[in-house]
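To keep things clear, I will list the structure first and then write my remarks on it.
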Amino acid sequence: MVEISYTSASEPLILFGNPGNRRTTGLQEARAALKLAPAVEVSCRDVLAAIRKKYSLGELLARLAAQSAPDRVDGSVHGQDSIIRLLAGQADCSPLLRLDAPGENFEIERELIALGAPDAEGDDSLLLWPERTQGIGISAAEARRLQEQHGRIWHPGQWFRGYCRLLAWLRREAALLWPLSRWMNDPAEVAVMFDKRRCSLVLDKAGIRVPPALSPSGAAFGDTADLHTAMRESGFHRIFVKLFCGSGASGVMAYQIHPRTQAELAVTTIGTEIVQGQRVYYNAGRLRRYTDKQDIHAILNWLCMEGIHAERWIPKATLNGRVYDVRQLVCGGEACHAVLRLSRSPITNLHLRNERLLLEEAGLPPDTVQSIQLTAEAAMSAFPASMVAGLDVLVPAHGGRPYVLDVNPFGDLLYRVKHQGRNPYEWEMLHL
């Protein structure tokens with residue numbers, strides 16, 4: 001059993017995220033269960049406002065501490081005293097810092113798109129390919145006028161640029177304010193994990209088995225014609241096309257061209273329709289099947305414009321008549337919580353109403369389970385400055401070593417899954 005050391009229990013934890021959502025609530029509940037002090041919550045909204053107004057992180061915390069009166073009920077900060085203590089001992093303080101997912105909040109999404117605008121200022125040091133991370137740019141003012149439309153995918157390339165600018169700001173400001181601070185998930189590595197193109201290259205270079213990319217060097221695809229050329233040259237007629245910064249199967253397409261008839265088939269969560277003369281794209285929340293080339297090519301052209309990672313379609317192993325892959329959590333270098341995701345389609349994400357099964361209940365051969373865990377641990381070692389991530393591991397139908405499909409820096413939101421009697425957040429807090 002892991003015990004809480006005096007050092008880890010006494011160090012303050014600062015949580016940058018969206019207060020009140022499932023993730024921040026789950027972490028705070030875990031700390032309460034372990035009799036640890038609540039994490040100091042700093043909202044993404046306040047961080048984005050500070051960047052826009054050119055405050056430092058210290059100035060932001062001072063302002064939040066001043067506002068943290070008893071009648072403040074929005075939950076964006078826990079503990080006025082904690083913030084004041086952090087500010088008072090700036091150089092000597094060694095807080096633990098944790099990034100949480102910025103999603104599930106349209107106000108934050110809109111501000112990140114604004115921060116990534118062509119006319120916005122920001123630190124692009126965490127962008128490997130700035131010229132390929134823009135998509136169709138809109139101004140910051142236009143971004144702030146966007147209105148939420150359920151499922152609509154708004155300017156993902158520009159969003160990612162804004163998110164990398166947020167990560168770079170936090171990394172720089174925290175280092176200036178607290179030189180002895182430690183990140184649970186380093187912002188620079190989070191930026192790599194989020195970019196499927198870069199993540200695949202990093203893992204491949206580290207000797208981790210990943211599906212072969214159609215563009216091993218990371219070169220961009222301008223449109224569907226470029227993609228078709230790469231498919232012919234590689235000899236792949238079945239591929240996965242992924243929005244380079246998508247999550248939760250948003251922007252993912254299983255795509256194939258029949259080698260004899262040239263008929264095309266796309267299975268994807270992407271919906272598209274014409275609204276006021278403009279073609280728009282959205283996450284349909286369920287799988288759609290396209291056979292019309294005009295629709296398929298329209299979606300592919302849009303994906304290529306925003307930026308894609310295209311890889312060979314590796315057939316997945318089956319269990320109980322369904323294909324499966326595994327979301328394997330790795331914490332502190334060790335595999336822990338895991339869930340099988342079973343599906344009758346090639347896309348297994350659980351929010352698409354696919355079946356879930358605990359790894360220990362699946363009855364997989366022990367050597368398969370061990371191979372999954374060792375593969376995930378090895379992949380996580382490519383990110384030495386990050387304590388925890390969820391890795392999607394594919395067991396190939398034809399046998400052999402597993403592949404790593406994705407590394408999700410925020411992949412620890414796993415419901416009803418325990419490891420040695422602890423849920424993921426409790427396990428992470430024990431391992432600090």
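Chains: A, B, ... in order of the structure tokens. Residues: from 1 per chain. Ligands: from 1, in order shown.
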request  = List the neighbours of Tyr281 in chain A out to 8 Å using only C-alpha atoms; skip same-chain residues closer than 3 positions along the sequence, and give me the result as a VMD selection string.
outcome  = chain A and resid 152 to 153 270 to 273 299
Could those residues be written to a file, using N, CA and C atoms, as an mmCIF file, in the first residue's frame?
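Okay, out-v6.cif is ready:
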```cif
data_model
loop_
_atom_site.group_PDB
_atom_site.id
_atom_site.type_symbol
_atom_site.label_atom_id
_atom_site.label_comp_id
_atom_site.auth_asym_id
_atom_site.auth_seq_id
_atom_site.Cartn_x
_atom_site.Cartn_y
_atom_site.Cartn_z
ATOM 1 N N ARG A 152 -20.812 21.594 -32.668
ATOM 2 C CA ARG A 152 -20.054 22.262 -33.727
ATOM 3 C C ARG A 152 -18.561 22.248 -33.409
ATOM 4 N N ILE A 153 -17.753 21.913 -34.395
ATOM 5 C CA ILE A 153 -16.301 21.910 -34.228
ATOM 6 C C ILE A 153 -15.783 23.236 -34.770
ATOM 7 N N ILE A 270 -18.034 12.583 -37.592
ATOM 8 C CA ILE A 270 -18.210 13.924 -38.155
ATOM 9 C C ILE A 270 -19.511 14.004 -38.941
ATOM 10 N N GLY A 271 -20.322 14.964 -38.585
ATOM 11 C CA GLY A 271 -21.496 15.294 -39.377
ATOM 12 C C GLY A 271 -21.239 16.568 -40.153
ATOM 13 N N THR A 272 -21.880 16.706 -41.280
ATOM 14 C CA THR A 272 -21.703 17.924 -42.074
ATOM 15 C C THR A 272 -23.027 18.302 -42.724
ATOM 16 N N GLU A 273 -23.264 19.587 -42.830
ATOM 17 C CA GLU A 273 -24.460 20.080 -43.517
ATOM 18 C C GLU A 273 -24.221 21.508 -43.960
ATOM 19 N N ILE A 299 -15.373 16.441 -46.304
ATOM 20 C CA ILE A 299 -14.909 16.273 -44.921
ATOM 21 C C ILE A 299 -13.393 16.140 -44.879
#
```
Mind dumping a table of every range 239-355 of chain A residue within 12 Å of range 181-193 of chain A, with the nearest atom pair and its distance in Å to one decimal, using only C-alpha atoms, sorted by chain and rising number, as a tab-separated table?
```
residue	atom	partner	partner_atom	distance
A:Phe244	CA	A:Met193	CA	10.3
A:Cys245	CA	A:Met193	CA	9.0
A:Gly246	CA	A:Met193	CA	11.1
A:Ser247	CA	A:Met193	CA	11.1
A:Cys331	CA	A:Met184	CA	10.1
A:Gly332	CA	A:Met184	CA	9.7
```
Using N, CA and C atoms, can you write the selected residues to a file as a CSV table (one decimal), in the first residue's frame?
```csv
chain,number,residue,atom,x,y,z
A,244,PHE,N,-5.7,16.4,-35.9
A,244,PHE,CA,-4.4,16.2,-35.1
A,244,PHE,C,-4.5,16.5,-33.6
A,245,CYS,N,-5.5,17.4,-33.3
A,245,CYS,CA,-5.7,17.7,-31.9
A,245,CYS,C,-7.1,17.4,-31.3
A,246,GLY,N,-7.7,16.4,-32.0
A,246,GLY,CA,-9.1,16.0,-31.5
A,246,GLY,C,-9.0,15.1,-30.3
A,247,SER,N,-10.1,15.0,-29.6
A,247,SER,CA,-10.2,14.0,-28.5
A,247,SER,C,-11.7,13.5,-28.5
A,331,CYS,N,0.6,5.7,-13.9
A,331,CYS,CA,0.8,6.7,-12.8
A,331,CYS,C,2.2,6.4,-12.2
A,332,GLY,N,3.0,7.4,-12.2
A,332,GLY,CA,4.3,7.2,-11.6
A,332,GLY,C,5.1,6.1,-12.2
```
Please, which residues in range 210-293 of chain A fall within 12 Å of range 315-323 of chain A when counting only C-alpha atoms, and what is the closest atom pair and distance in Å to one decimal for each, ordered by chain then residue number, as a tab-separated table?
```
residue	atom	partner	partner_atom	distance
A:Pro211	CA	A:Pro315	CA	10.5
A:Arg238	CA	A:Pro315	CA	9.9
A:Ile239	CA	A:Pro315	CA	10.4
A:Phe240	CA	A:Pro315	CA	11.0
A:Ala254	CA	A:Pro315	CA	11.3
```
inquiry  = What's around Cys304 in chain A at 7 Å? Count only C-alpha atoms, leave out sequence neighbours fewer than 2 positions away in its own chain, and write the answer as a PyMOL selection string.
reply    = chain A and resi 221-223+300-302+306-308
Could you please take those selected residues and save C-alpha atoms as a PDB file, in the first residue's frame?
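As a result, selection_9.pdb now contains:
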```pdb
ATOM      1  CA  PHE A 221      -1.601  17.032 -46.411  1.00  0.00           C
ATOM      2  CA  GLY A 222      -3.061  19.946 -48.344  1.00  0.00           C
ATOM      3  CA  ASP A 223      -6.229  18.176 -49.445  1.00  0.00           C
ATOM      4  CA  LEU A 300     -11.386  15.155 -45.799  1.00  0.00           C
ATOM      5  CA  ASN A 301     -10.529  18.524 -47.356  1.00  0.00           C
ATOM      6  CA  TRP A 302     -11.675  20.284 -44.185  1.00  0.00           C
ATOM      7  CA  GLU A 306      -7.122  22.032 -40.099  1.00  0.00           C
ATOM      8  CA  GLY A 307      -4.338  19.445 -39.836  1.00  0.00           C
ATOM      9  CA  ILE A 308      -4.475  15.654 -39.679  1.00  0.00           C
TER      10      ILE A 308
END
```
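Taking CA of Glu29 in chain A and CA of Arg45 in chain A as the two end points, the separation is 22.2 Å.
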task = Report the residues of range 154-274 of chain A whose backbone DSSP state falls under strand (DSSP E), written as a ChimeraX atom specification.
result = /A:182-183,238-243,252-257,264-274
ask   = To one decimal place, how far is CA of Tyr163 in chain A from CA of Thr269 in chain A in Å?
value =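 Distance reported for this atom pair: 23.3 Å.
Using only C-alpha atoms, the shortest contact distance between His228 in chain A and any of A:Pro156, A:Ala397, A:Ala310, A:Glu107 is found at A:Ala310.
The two atoms in question, CA of Phe106 in chain A and CA of Asn18 in chain A, are spaced 11.2 Å apart.
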query = Which neighbours of Pro212 in chain A fall inside 12 Å, counting only C-alpha atoms, when residues of the same chain fewer than 3 positions from it are skipped, and could you give them as JSON, numbers by chain?
reply = {"A": [197, 200, 201, 203, 204, 208, 209, 215, 216, 217, 218, 231, 234, 235, 236, 238, 239, 240, 309, 310, 311, 312, 313, 314, 403, 404, 405]}
Output file for the residues above (N, CA and C atoms, as a compact mmCIF listing (two decimals), in the first residue's frame):
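Output (out26.txt):
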```
# COMPACT_ATOMS: atom_id res chain seq x y z
N ARG A 197 0.28 14.12 -34.36
CA ARG A 197 1.40 14.02 -35.30
C ARG A 197 2.72 13.96 -34.56
N SER A 200 3.09 10.73 -32.22
CA SER A 200 3.47 9.53 -32.97
C SER A 200 4.96 9.53 -33.28
N LEU A 201 5.50 10.68 -33.67
CA LEU A 201 6.92 10.78 -33.97
C LEU A 201 7.78 10.54 -32.73
N LEU A 203 6.97 8.84 -29.98
CA LEU A 203 6.89 7.43 -29.57
C LEU A 203 7.69 6.54 -30.51
N ASP A 204 7.58 6.80 -31.81
CA ASP A 204 8.31 5.99 -32.78
C ASP A 204 9.82 6.12 -32.56
N ILE A 208 8.73 2.80 -29.49
CA ILE A 208 7.40 2.32 -29.15
C ILE A 208 6.66 2.00 -30.45
N ARG A 209 5.94 0.90 -30.46
CA ARG A 209 5.22 0.50 -31.67
C ARG A 209 3.96 1.35 -31.83
N SER A 215 2.61 9.93 -43.33
CA SER A 215 3.63 10.97 -43.48
C SER A 215 4.61 10.83 -42.32
N PRO A 216 5.58 9.91 -42.44
CA PRO A 216 6.49 9.65 -41.31
C PRO A 216 7.26 10.87 -40.84
N SER A 217 7.48 11.83 -41.74
CA SER A 217 8.21 13.03 -41.36
C SER A 217 7.31 14.11 -40.79
N GLY A 218 6.00 13.86 -40.78
CA GLY A 218 5.07 14.86 -40.28
C GLY A 218 4.65 15.88 -41.32
N MET A 231 -1.59 7.46 -49.96
CA MET A 231 -2.13 6.10 -49.82
C MET A 231 -1.58 5.20 -50.93
N SER A 234 2.17 4.46 -50.26
CA SER A 234 2.40 3.60 -49.11
C SER A 234 1.82 2.20 -49.29
N GLY A 235 0.88 2.08 -50.22
CA GLY A 235 0.22 0.80 -50.41
C GLY A 235 -0.90 0.55 -49.41
N PHE A 236 -1.28 1.57 -48.63
CA PHE A 236 -2.36 1.42 -47.66
C PHE A 236 -3.69 1.81 -48.32
N ARG A 238 -6.58 1.12 -46.45
CA ARG A 238 -7.44 1.34 -45.28
C ARG A 238 -6.63 2.13 -44.26
N ILE A 239 -7.13 3.30 -43.90
CA ILE A 239 -6.39 4.15 -42.98
C ILE A 239 -7.33 4.77 -41.94
N PHE A 240 -6.72 5.31 -40.90
CA PHE A 240 -7.43 6.18 -39.97
C PHE A 240 -6.95 7.61 -40.21
N HIS A 309 -3.51 13.74 -38.65
CA HIS A 309 -2.57 12.63 -38.53
C HIS A 309 -3.23 11.45 -39.22
N ALA A 310 -2.57 10.89 -40.25
CA ALA A 310 -3.12 9.76 -41.00
C ALA A 310 -2.21 8.56 -40.78
N GLU A 311 -2.81 7.42 -40.46
CA GLU A 311 -2.03 6.23 -40.12
C GLU A 311 -2.69 4.98 -40.68
N ARG A 312 -1.89 3.94 -40.82
CA ARG A 312 -2.41 2.67 -41.29
C ARG A 312 -3.45 2.12 -40.34
N TRP A 313 -4.51 1.58 -40.89
CA TRP A 313 -5.59 0.96 -40.11
C TRP A 313 -5.12 -0.43 -39.69
N ILE A 314 -4.85 -0.60 -38.39
CA ILE A 314 -4.41 -1.88 -37.84
C ILE A 314 -5.64 -2.62 -37.31
N TYR A 403 0.21 -1.97 -30.10
CA TYR A 403 0.49 -0.64 -30.60
C TYR A 403 -0.07 0.39 -29.61
N VAL A 404 0.56 1.54 -29.54
CA VAL A 404 0.00 2.67 -28.81
C VAL A 404 -0.68 3.59 -29.81
N LEU A 405 -1.96 3.82 -29.61
CA LEU A 405 -2.75 4.66 -30.52
C LEU A 405 -2.75 6.12 -30.12
```
query = From the set A:Trp154, A:Lys205, A:Gly363, A:Arg165, which residue has the shortest atom-to-atom contact distance to Gly251 in chain A, counting only C-alpha atoms?
reply =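 Smallest distance to Gly251 in chain A is found for A:Trp154.
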request  = Go through range 121-347 of chain A and collect every residue that DSSP, computed from the backbone, puts in alpha helix (DSSP H); the answer should be as number ranges by chain.
outcome  = A: 140-144, 156-177, 187-194, 196-205, 224-234, 293-306
key: Selected residue, from A:Lys53, A:Arg31, A:Arg289, A:His150, that lies nearest to Leu430 in chain A when counting only C-alpha atoms   =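 Checking each of A:Lys53, A:Arg31, A:Arg289, A:His150 against Leu430 in chain A, counting only C-alpha atoms, the winner is A:Arg31.
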Residues within 7 Å of range 142-148 of chain A, please, as a PDB file with C-alpha atoms, in the first residue's frame. Count only C-alpha atoms; anything in the same chain fewer than 4 positions from it doesn't count.
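Output contents, as saved in out_16.pdb:
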```pdb
ATOM      1  CA  PHE A 106     -17.657  26.972 -24.425  1.00  0.00           C
ATOM      2  CA  ARG A 110     -13.959  30.602 -27.422  1.00  0.00           C
ATOM      3  CA  GLU A 111     -11.185  32.379 -25.506  1.00  0.00           C
ATOM      4  CA  ILE A 113      -9.625  30.318 -30.224  1.00  0.00           C
ATOM      5  CA  ALA A 114      -9.238  34.065 -29.651  1.00  0.00           C
ATOM      6  CA  ILE A 138     -10.423  34.274 -37.717  1.00  0.00           C
TER       7      ILE A 138
END
```
query = Leaving out Leu329 in chain A and any residue of its chain fewer than 5 positions from it, which residues lie within 12 Å of it when counting only C-alpha atoms, given as a ChimeraX atom specification?
reply = /A:334-340,359,372-377,379-380,387-393,406-414,417-419,423-425,427-428
note = Using only C-alpha atoms, the best pick from A:Leu303, A:Ala225, A:Ala219, A:Ile274 as closest to Lys242 in chain A would be A:Leu303
task = Rank A:Gly151, A:Cys199, A:Arg286, A:Gly122 by their smallest atom-to-atom distance to Arg353 in chain A, using only C-alpha atoms, and report the top residue only.
result =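 Smallest distance to Arg353 in chain A is found for A:Arg286.
Each of A:Leu227, A:Gln28, A:Glu173, A:Arg98 was checked against Ala385 in chain A using only C-alpha atoms; the smallest atom-to-atom distance is that of A:Arg98.
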